[in-house]
Every structure is written in C-alpha cells, then in structure tokens.
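Student: One structure follows; several queries about it will come next.
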Amino acid sequence: MRDDTDLWRGRSEAFGPASAVGGAVLPYEGRTALQAPDGLPAAVFRADVDGWATPSTPVLVRGRAKILPLAWSGDPTASVRTVDTAEIDALAEQMLAAGMHWAGNWRVLELVERRSDSIGSYADALRTAGATRVDCWTYSHEVGLSLVWAGRADAGTASLALHVVPASWVSEPRAGKPVKNIDVRWSWHDVVGLFEHDRGFSL
C-alpha cells in the first residue's frame, strides 16, 4: 500500500510547476479512482467549481461540462521531458477499457460533420479546443462521457482528458436543440494553478 509520502510525491510530480513544462500524467491514485469498476467518483458529478474529486483527481468545470485532465505531452523544446507518449497512449487505452466496462462500446464523435443540434454544438466547441479525436459513451440517461485527444505533440499542445457532459451532447437518441456558449478549452497550467492554490482535497 502506498503511504502519504508516495501520494504527495506523486501529486507534486503530476501537478507541480515543472509539470507545466515537462508534461504530466495523472498519478497512480488518480488513475485508479477514474477506473473503478463501479464508475467515476461521486464528487465528479457534484462539482460546480474547479476542485478535486479525490486528492489526485482534478476537475475543471466549464459550464455544464466537467473536464478531468488525464495527461499532456509537455513542451517539445523543454530541456527535461517527464512524459513518454507511450505512457499517455497506455492511459487512453485504460480509460477506453473502463468506459466500455461502464457503458459498453464507445462511439466516435464525428468532428468533421456539421450538425445543427446539441451534438453539433459540442463538436464545434471541441474543434475550437483543438480536439483531434473523441470517443464517447452514454454513461446514464442524463450523463455522457467523452475521451478527448487534443492538440499536437510537436507544438507542445497535445493533451488527453475525460469530459463529463450532458448525454444530449453525445447521444443521438437524446440530441436536442443547439446549445450556446459551450467552452471546453483548458491547459495543464489550469491544473498546476489549482494544485498551488488548494494543496488538497476540496470537493
């Protein structure tokens, strides 16, 4: 069993100032919390401001979207890189497996197709945020999940996140009218700022 020293070291490596340059992957405790057999931590759904669903699971609230940052690849020009793309790929595969356990096979959310409904509104926001691939699930009648790859590693903008959104943003049967002002942009600097400000468990 990992002790408090391991927990603090893992959080400092993932969320400390150096991670904003060298890259980061959610620490072990955060990954474990987000892959539990019975689903996401309850605090994720209660979050209404940026905070922590667990001590190692940051939540960024963007209106009706809750963003769970998983990884970012780091500045390619940095003298010290702390993340391997294989590590990010492995985490993505683990999250796909968790999502499949909770909600069945994922669907690809089409970013090229232009739509005039709630799914199209979310896709527009994802394009604005630099998304390059989005796999999604209907988690419950009200909740949808999206695993979102964004940016480019060679530009120092590549990231991976899990979005918790209304089911109508990802589910064809539940799609509704267009939604205004969706904004799902974020960066690892947001996570570092949250860690520096809170230093702990706050939700």
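Ligands are numbered from 1 in the order shown, residues from 1 within each chain, and chains are lettered A, B, ... in the order they appear in the structure tokens.
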Got a sec: who's within 6 Å of region 85-100 of chain A, counting only C-alpha atoms, leaving out chain neighbours fewer than 4 positions off, as a ChimeraX atom specification?
Tutor: /A:35,104-105
Student: Please dump the current selection as a compact mmCIF listing (two decimals), in the first residue's frame; keep N, CA and C atoms.
Tutor:
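The resulting file, selection.txt, is reproduced below:
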# COMPACT_ATOMS: atom_id res chain seq x y z
N GLN A 35 -10.87 4.66 -12.79
CA GLN A 35 -11.07 3.38 -13.47
C GLN A 35 -11.76 2.36 -12.57
N GLY A 104 -20.46 0.07 -22.20
CA GLY A 104 -20.42 -0.64 -23.47
C GLY A 104 -19.44 -0.01 -24.46
N ASN A 105 -19.52 -0.44 -25.70
CA ASN A 105 -18.60 0.06 -26.72
C ASN A 105 -18.72 1.56 -26.91
Student: Run DSSP on the backbone and tell me which residues of region 1-107 of chain A come out as strand (DSSP E or B); list them as a list in words.
Tutor: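 Residues meeting the strand (DSSP E or B) criterion: Ala24, Val25, Gly51, Trp52, Ala53, Thr54, Thr57, Pro58, Val59, Leu60, Val61, Arg62, Ala65, Lys66, Ile67, Leu68, Pro69, Leu70, Ala71, Trp72 and Arg107 of chain A.
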Student: Once you count only C-alpha atoms, what closest atom pair and distance in Å to one decimal does each residue of region 99-147 of chain A within 12 Å of region 159-162 of chain A have, with rows by chain and rising residue number, as CSV?
Tutor:
residue,atom,partner,partner_atom,distance
A:Gly99,CA,A:Leu162,CA,10.2
A:Leu126,CA,A:Ala161,CA,11.7
A:Ala129,CA,A:Ser159,CA,10.6
A:Gly130,CA,A:Ser159,CA,9.6
A:Ala131,CA,A:Ser159,CA,9.0
A:Thr132,CA,A:Ser159,CA,10.0
A:Arg133,CA,A:Leu160,CA,9.8
A:Val134,CA,A:Leu162,CA,9.6
A:Asp135,CA,A:Leu162,CA,9.7
A:Cys136,CA,A:Leu162,CA,9.4
A:Trp137,CA,A:Leu162,CA,11.0
A:Gly144,CA,A:Leu162,CA,10.4
A:Leu145,CA,A:Leu162,CA,6.9
A:Ser146,CA,A:Leu162,CA,5.6
A:Leu147,CA,A:Leu162,CA,4.6
Student: Would you mind writing down, as a VMD selection string, each residue of region 52-185 of chain A that DSSP on the backbone assigns to helix (DSSP H, G or I)?
Tutor: chain A and resid 85 to 103 118 to 128 153 to 155 167 to 169 172 to 174
Student: Taking N, CA and C atoms for each residue, export the selection above as a compact mmCIF listing (two decimals), in the first residue's frame.
Tutor:
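File produced: part.txt:
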# COMPACT_ATOMS: atom_id res chain seq x y z
N THR A 85 5.14 9.48 -24.69
CA THR A 85 3.84 9.37 -25.36
C THR A 85 3.24 7.97 -25.18
N ALA A 86 4.09 6.96 -25.03
CA ALA A 86 3.58 5.60 -24.80
C ALA A 86 2.80 5.53 -23.49
N GLU A 87 3.21 6.31 -22.51
CA GLU A 87 2.52 6.34 -21.22
C GLU A 87 1.13 6.95 -21.38
N ILE A 88 1.03 8.00 -22.19
CA ILE A 88 -0.26 8.62 -22.45
C ILE A 88 -1.16 7.67 -23.24
N ASP A 89 -0.58 7.01 -24.23
CA ASP A 89 -1.35 6.04 -25.02
C ASP A 89 -1.89 4.92 -24.14
N ALA A 90 -1.06 4.46 -23.20
CA ALA A 90 -1.49 3.37 -22.31
C ALA A 90 -2.65 3.83 -21.43
N LEU A 91 -2.57 5.07 -20.94
CA LEU A 91 -3.66 5.60 -20.11
C LEU A 91 -4.94 5.72 -20.94
N ALA A 92 -4.82 6.16 -22.18
CA ALA A 92 -6.00 6.25 -23.05
C ALA A 92 -6.64 4.87 -23.22
N GLU A 93 -5.84 3.85 -23.42
CA GLU A 93 -6.38 2.50 -23.58
C GLU A 93 -7.07 2.04 -22.29
N GLN A 94 -6.49 2.39 -21.15
CA GLN A 94 -7.11 2.02 -19.87
C GLN A 94 -8.46 2.71 -19.69
N MET A 95 -8.55 3.98 -20.09
CA MET A 95 -9.80 4.70 -19.96
C MET A 95 -10.86 4.18 -20.93
N LEU A 96 -10.43 3.78 -22.12
CA LEU A 96 -11.37 3.17 -23.06
C LEU A 96 -11.93 1.86 -22.49
N ALA A 97 -11.06 1.08 -21.85
CA ALA A 97 -11.50 -0.17 -21.24
C ALA A 97 -12.46 0.10 -20.09
N ALA A 98 -12.17 1.12 -19.27
CA ALA A 98 -13.07 1.46 -18.17
C ALA A 98 -14.42 1.90 -18.70
N GLY A 99 -14.40 2.77 -19.72
CA GLY A 99 -15.66 3.24 -20.30
C GLY A 99 -16.48 2.10 -20.87
N MET A 100 -15.80 1.15 -21.50
CA MET A 100 -16.51 0.00 -22.07
C MET A 100 -17.13 -0.84 -20.96
N HIS A 101 -16.45 -0.96 -19.83
CA HIS A 101 -16.99 -1.70 -18.70
C HIS A 101 -18.25 -1.02 -18.16
N TRP A 102 -18.21 0.32 -18.07
CA TRP A 102 -19.34 1.05 -17.50
C TRP A 102 -20.52 1.15 -18.47
N ALA A 103 -20.21 1.36 -19.76
CA ALA A 103 -21.28 1.78 -20.68
C ALA A 103 -21.26 1.09 -22.04
N SER A 118 -27.60 19.67 -30.49
CA SER A 118 -26.73 19.76 -29.32
C SER A 118 -25.41 19.02 -29.54
N ILE A 119 -25.43 17.92 -30.29
CA ILE A 119 -24.18 17.22 -30.59
C ILE A 119 -23.29 18.10 -31.46
N GLY A 120 -23.89 18.78 -32.41
CA GLY A 120 -23.12 19.70 -33.25
C GLY A 120 -22.53 20.85 -32.46
N SER A 121 -23.26 21.36 -31.48
CA SER A 121 -22.74 22.45 -30.64
C SER A 121 -21.51 22.00 -29.87
N TYR A 122 -21.57 20.80 -29.31
CA TYR A 122 -20.43 20.26 -28.56
C TYR A 122 -19.26 20.00 -29.50
N ALA A 123 -19.53 19.44 -30.68
CA ALA A 123 -18.46 19.19 -31.65
C ALA A 123 -17.79 20.49 -32.07
N ASP A 124 -18.57 21.55 -32.24
CA ASP A 124 -17.99 22.87 -32.57
C ASP A 124 -17.03 23.32 -31.47
N ALA A 125 -17.46 23.15 -30.20
CA ALA A 125 -16.61 23.55 -29.08
C ALA A 125 -15.36 22.70 -29.01
N LEU A 126 -15.48 21.42 -29.32
CA LEU A 126 -14.31 20.54 -29.31
C LEU A 126 -13.32 20.96 -30.39
N ARG A 127 -13.80 21.30 -31.58
CA ARG A 127 -12.90 21.77 -32.63
C ARG A 127 -12.18 23.03 -32.20
N THR A 128 -12.91 23.96 -31.57
CA THR A 128 -12.31 25.20 -31.09
C THR A 128 -11.22 24.91 -30.06
N ALA A 153 1.63 17.04 -30.36
CA ALA A 153 2.83 16.89 -29.53
C ALA A 153 3.95 17.79 -30.02
N ASP A 154 4.10 17.93 -31.34
CA ASP A 154 5.21 18.74 -31.85
C ASP A 154 5.02 20.22 -31.60
N ALA A 155 3.79 20.62 -31.27
CA ALA A 155 3.52 22.02 -30.95
C ALA A 155 3.42 22.26 -29.45
N ALA A 167 -25.87 14.00 -21.56
CA ALA A 167 -25.99 12.91 -22.52
C ALA A 167 -26.43 13.42 -23.89
N SER A 168 -27.18 14.50 -23.92
CA SER A 168 -27.68 15.04 -25.19
C SER A 168 -26.57 15.58 -26.08
N TRP A 169 -25.37 15.74 -25.52
CA TRP A 169 -24.24 16.24 -26.32
C TRP A 169 -23.53 15.12 -27.08
N GLU A 172 -27.21 10.24 -29.90
CA GLU A 172 -28.16 10.50 -30.98
C GLU A 172 -29.62 10.49 -30.48
N PRO A 173 -30.04 9.47 -29.71
CA PRO A 173 -31.44 9.46 -29.26
C PRO A 173 -31.80 10.64 -28.36
N ARG A 174 -30.81 11.22 -27.67
CA ARG A 174 -31.10 12.30 -26.72
C ARG A 174 -30.72 13.68 -27.27
Student: Name the residues in contact with region 50-54 of chain A at a cut-off of 9 Å, using only C-alpha atoms, excluding same-chain residues fewer than 3 positions from it; report them as a PyMOL selection string.
Tutor: chain A and resi 29-30+33+41-47+57-62+66+194-195+198+200-203
Student: Once you have the residues from the selection above, write them out as a short mmCIF file (atom, residue, chain, number, x, y, z; two decimals), in the first residue's frame, restricted to N, CA, C and O atoms.
Tutor:
data_model
loop_
_atom_site.label_atom_id
_atom_site.label_comp_id
_atom_site.auth_asym_id
_atom_site.auth_seq_id
_atom_site.Cartn_x
_atom_site.Cartn_y
_atom_site.Cartn_z
N GLU A 29 -2.91 7.23 -8.02
CA GLU A 29 -4.15 7.30 -7.26
C GLU A 29 -5.29 7.89 -8.09
O GLU A 29 -6.44 7.45 -7.99
N GLY A 30 -4.97 8.89 -8.91
CA GLY A 30 -5.98 9.48 -9.76
C GLY A 30 -6.45 8.53 -10.84
O GLY A 30 -7.66 8.42 -11.12
N ALA A 33 -8.74 5.94 -9.27
CA ALA A 33 -10.07 6.48 -8.95
C ALA A 33 -10.95 6.58 -10.18
O ALA A 33 -12.17 6.38 -10.10
N PRO A 41 -15.84 8.72 -9.50
CA PRO A 41 -16.12 9.19 -8.13
C PRO A 41 -17.36 10.09 -8.10
O PRO A 41 -17.55 10.93 -9.00
N ALA A 42 -18.18 9.95 -7.07
CA ALA A 42 -19.41 10.73 -6.97
C ALA A 42 -19.13 12.23 -6.96
O ALA A 42 -19.94 13.03 -7.47
N ALA A 43 -17.98 12.64 -6.41
CA ALA A 43 -17.66 14.06 -6.32
C ALA A 43 -17.52 14.71 -7.69
O ALA A 43 -17.70 15.92 -7.82
N VAL A 44 -17.20 13.93 -8.72
CA VAL A 44 -17.12 14.49 -10.08
C VAL A 44 -18.46 15.10 -10.47
O VAL A 44 -18.52 16.20 -11.02
N PHE A 45 -19.54 14.42 -10.16
CA PHE A 45 -20.87 14.87 -10.58
C PHE A 45 -21.37 16.03 -9.73
O PHE A 45 -22.21 16.81 -10.18
N ARG A 46 -20.84 16.16 -8.51
CA ARG A 46 -21.25 17.26 -7.63
C ARG A 46 -20.49 18.55 -7.91
O ARG A 46 -20.90 19.62 -7.45
N ALA A 47 -19.38 18.46 -8.61
CA ALA A 47 -18.51 19.63 -8.78
C ALA A 47 -19.22 20.76 -9.51
O ALA A 47 -19.83 20.56 -10.56
N THR A 57 -7.30 13.69 -8.30
CA THR A 57 -8.19 13.76 -9.46
C THR A 57 -8.75 15.17 -9.60
O THR A 57 -9.76 15.52 -8.98
N PRO A 58 -8.09 16.02 -10.39
CA PRO A 58 -8.60 17.38 -10.58
C PRO A 58 -9.84 17.40 -11.47
O PRO A 58 -10.00 16.56 -12.36
N VAL A 59 -10.72 18.36 -11.21
CA VAL A 59 -11.92 18.58 -12.02
C VAL A 59 -11.95 20.05 -12.41
O VAL A 59 -11.88 20.93 -11.54
N LEU A 60 -12.03 20.32 -13.70
CA LEU A 60 -12.17 21.68 -14.20
C LEU A 60 -13.59 21.84 -14.71
O LEU A 60 -14.02 21.10 -15.60
N VAL A 61 -14.32 22.79 -14.15
CA VAL A 61 -15.73 22.97 -14.52
C VAL A 61 -15.83 24.06 -15.57
O VAL A 61 -15.37 25.19 -15.37
N ARG A 62 -16.43 23.71 -16.69
CA ARG A 62 -16.63 24.63 -17.81
C ARG A 62 -18.11 24.64 -18.16
O ARG A 62 -18.57 23.97 -19.06
N LYS A 66 -17.74 19.02 -17.31
CA LYS A 66 -16.71 18.82 -16.29
C LYS A 66 -15.55 18.09 -16.97
O LYS A 66 -15.74 17.04 -17.57
N LEU A 194 -4.48 25.13 -9.82
CA LEU A 194 -5.39 24.55 -8.84
C LEU A 194 -4.62 23.88 -7.71
O LEU A 194 -4.95 24.04 -6.53
N PHE A 195 -3.57 23.16 -8.06
CA PHE A 195 -2.75 22.48 -7.06
C PHE A 195 -2.06 23.49 -6.15
O PHE A 195 -2.04 23.36 -4.93
N ASP A 198 -4.94 25.13 -3.90
CA ASP A 198 -5.68 24.34 -2.94
C ASP A 198 -4.83 23.42 -2.08
O ASP A 198 -5.13 23.19 -0.92
N GLY A 200 -4.80 20.34 -1.83
CA GLY A 200 -5.51 19.26 -1.15
C GLY A 200 -6.88 18.96 -1.68
O GLY A 200 -7.27 19.40 -2.74
N PHE A 201 -7.60 18.24 -0.88
CA PHE A 201 -8.91 17.69 -1.25
C PHE A 201 -9.99 18.71 -0.90
O PHE A 201 -10.12 19.11 0.23
N SER A 202 -10.79 19.17 -1.90
CA SER A 202 -11.68 20.27 -1.63
C SER A 202 -13.13 20.07 -2.04
O SER A 202 -13.97 20.90 -1.74
N LEU A 203 -13.48 18.99 -2.72
CA LEU A 203 -14.89 18.81 -3.12
C LEU A 203 -15.63 17.92 -2.12
O LEU A 203 -15.03 17.03 -1.56
#
Student: Mind pulling up the distance from CA of Lys177 (chain A) to CA of Arg114 (chain A)?
Tutor: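 Distance reported for this atom pair: 14.0 Å.
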Student: So, with only C-alpha atoms as the atoms that count, which of A:Thr32, A:Ser171, A:Ser73, A:Ser56 lies closest to Trp149 (chain A)?
Tutor: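 Of all the options, A:Ser73 lies closest to Trp149 (chain A).
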Student: From the list A:Leu40, A:Arg64, A:Val192, A:Ser140, which residue is nearest Arg11 (chain A) when using only C-alpha atoms?
Tutor: A:Val192
Student: Could you please determine the separation between CA of Gly10 (chain A) and CA of Val165 (chain A) in Å, to one decimal place?
Tutor: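 Value for the CA of Gly10 (chain A)-CA of Val165 (chain A) distance: 28.0 Å.
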Student: Grab the CA of Asp75 (chain A) to CA of Gly22 (chain A) distance for me, in Å with one decimal place.
Tutor: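 Taking CA of Asp75 (chain A) and CA of Gly22 (chain A), their separation equals 6.0 Å.
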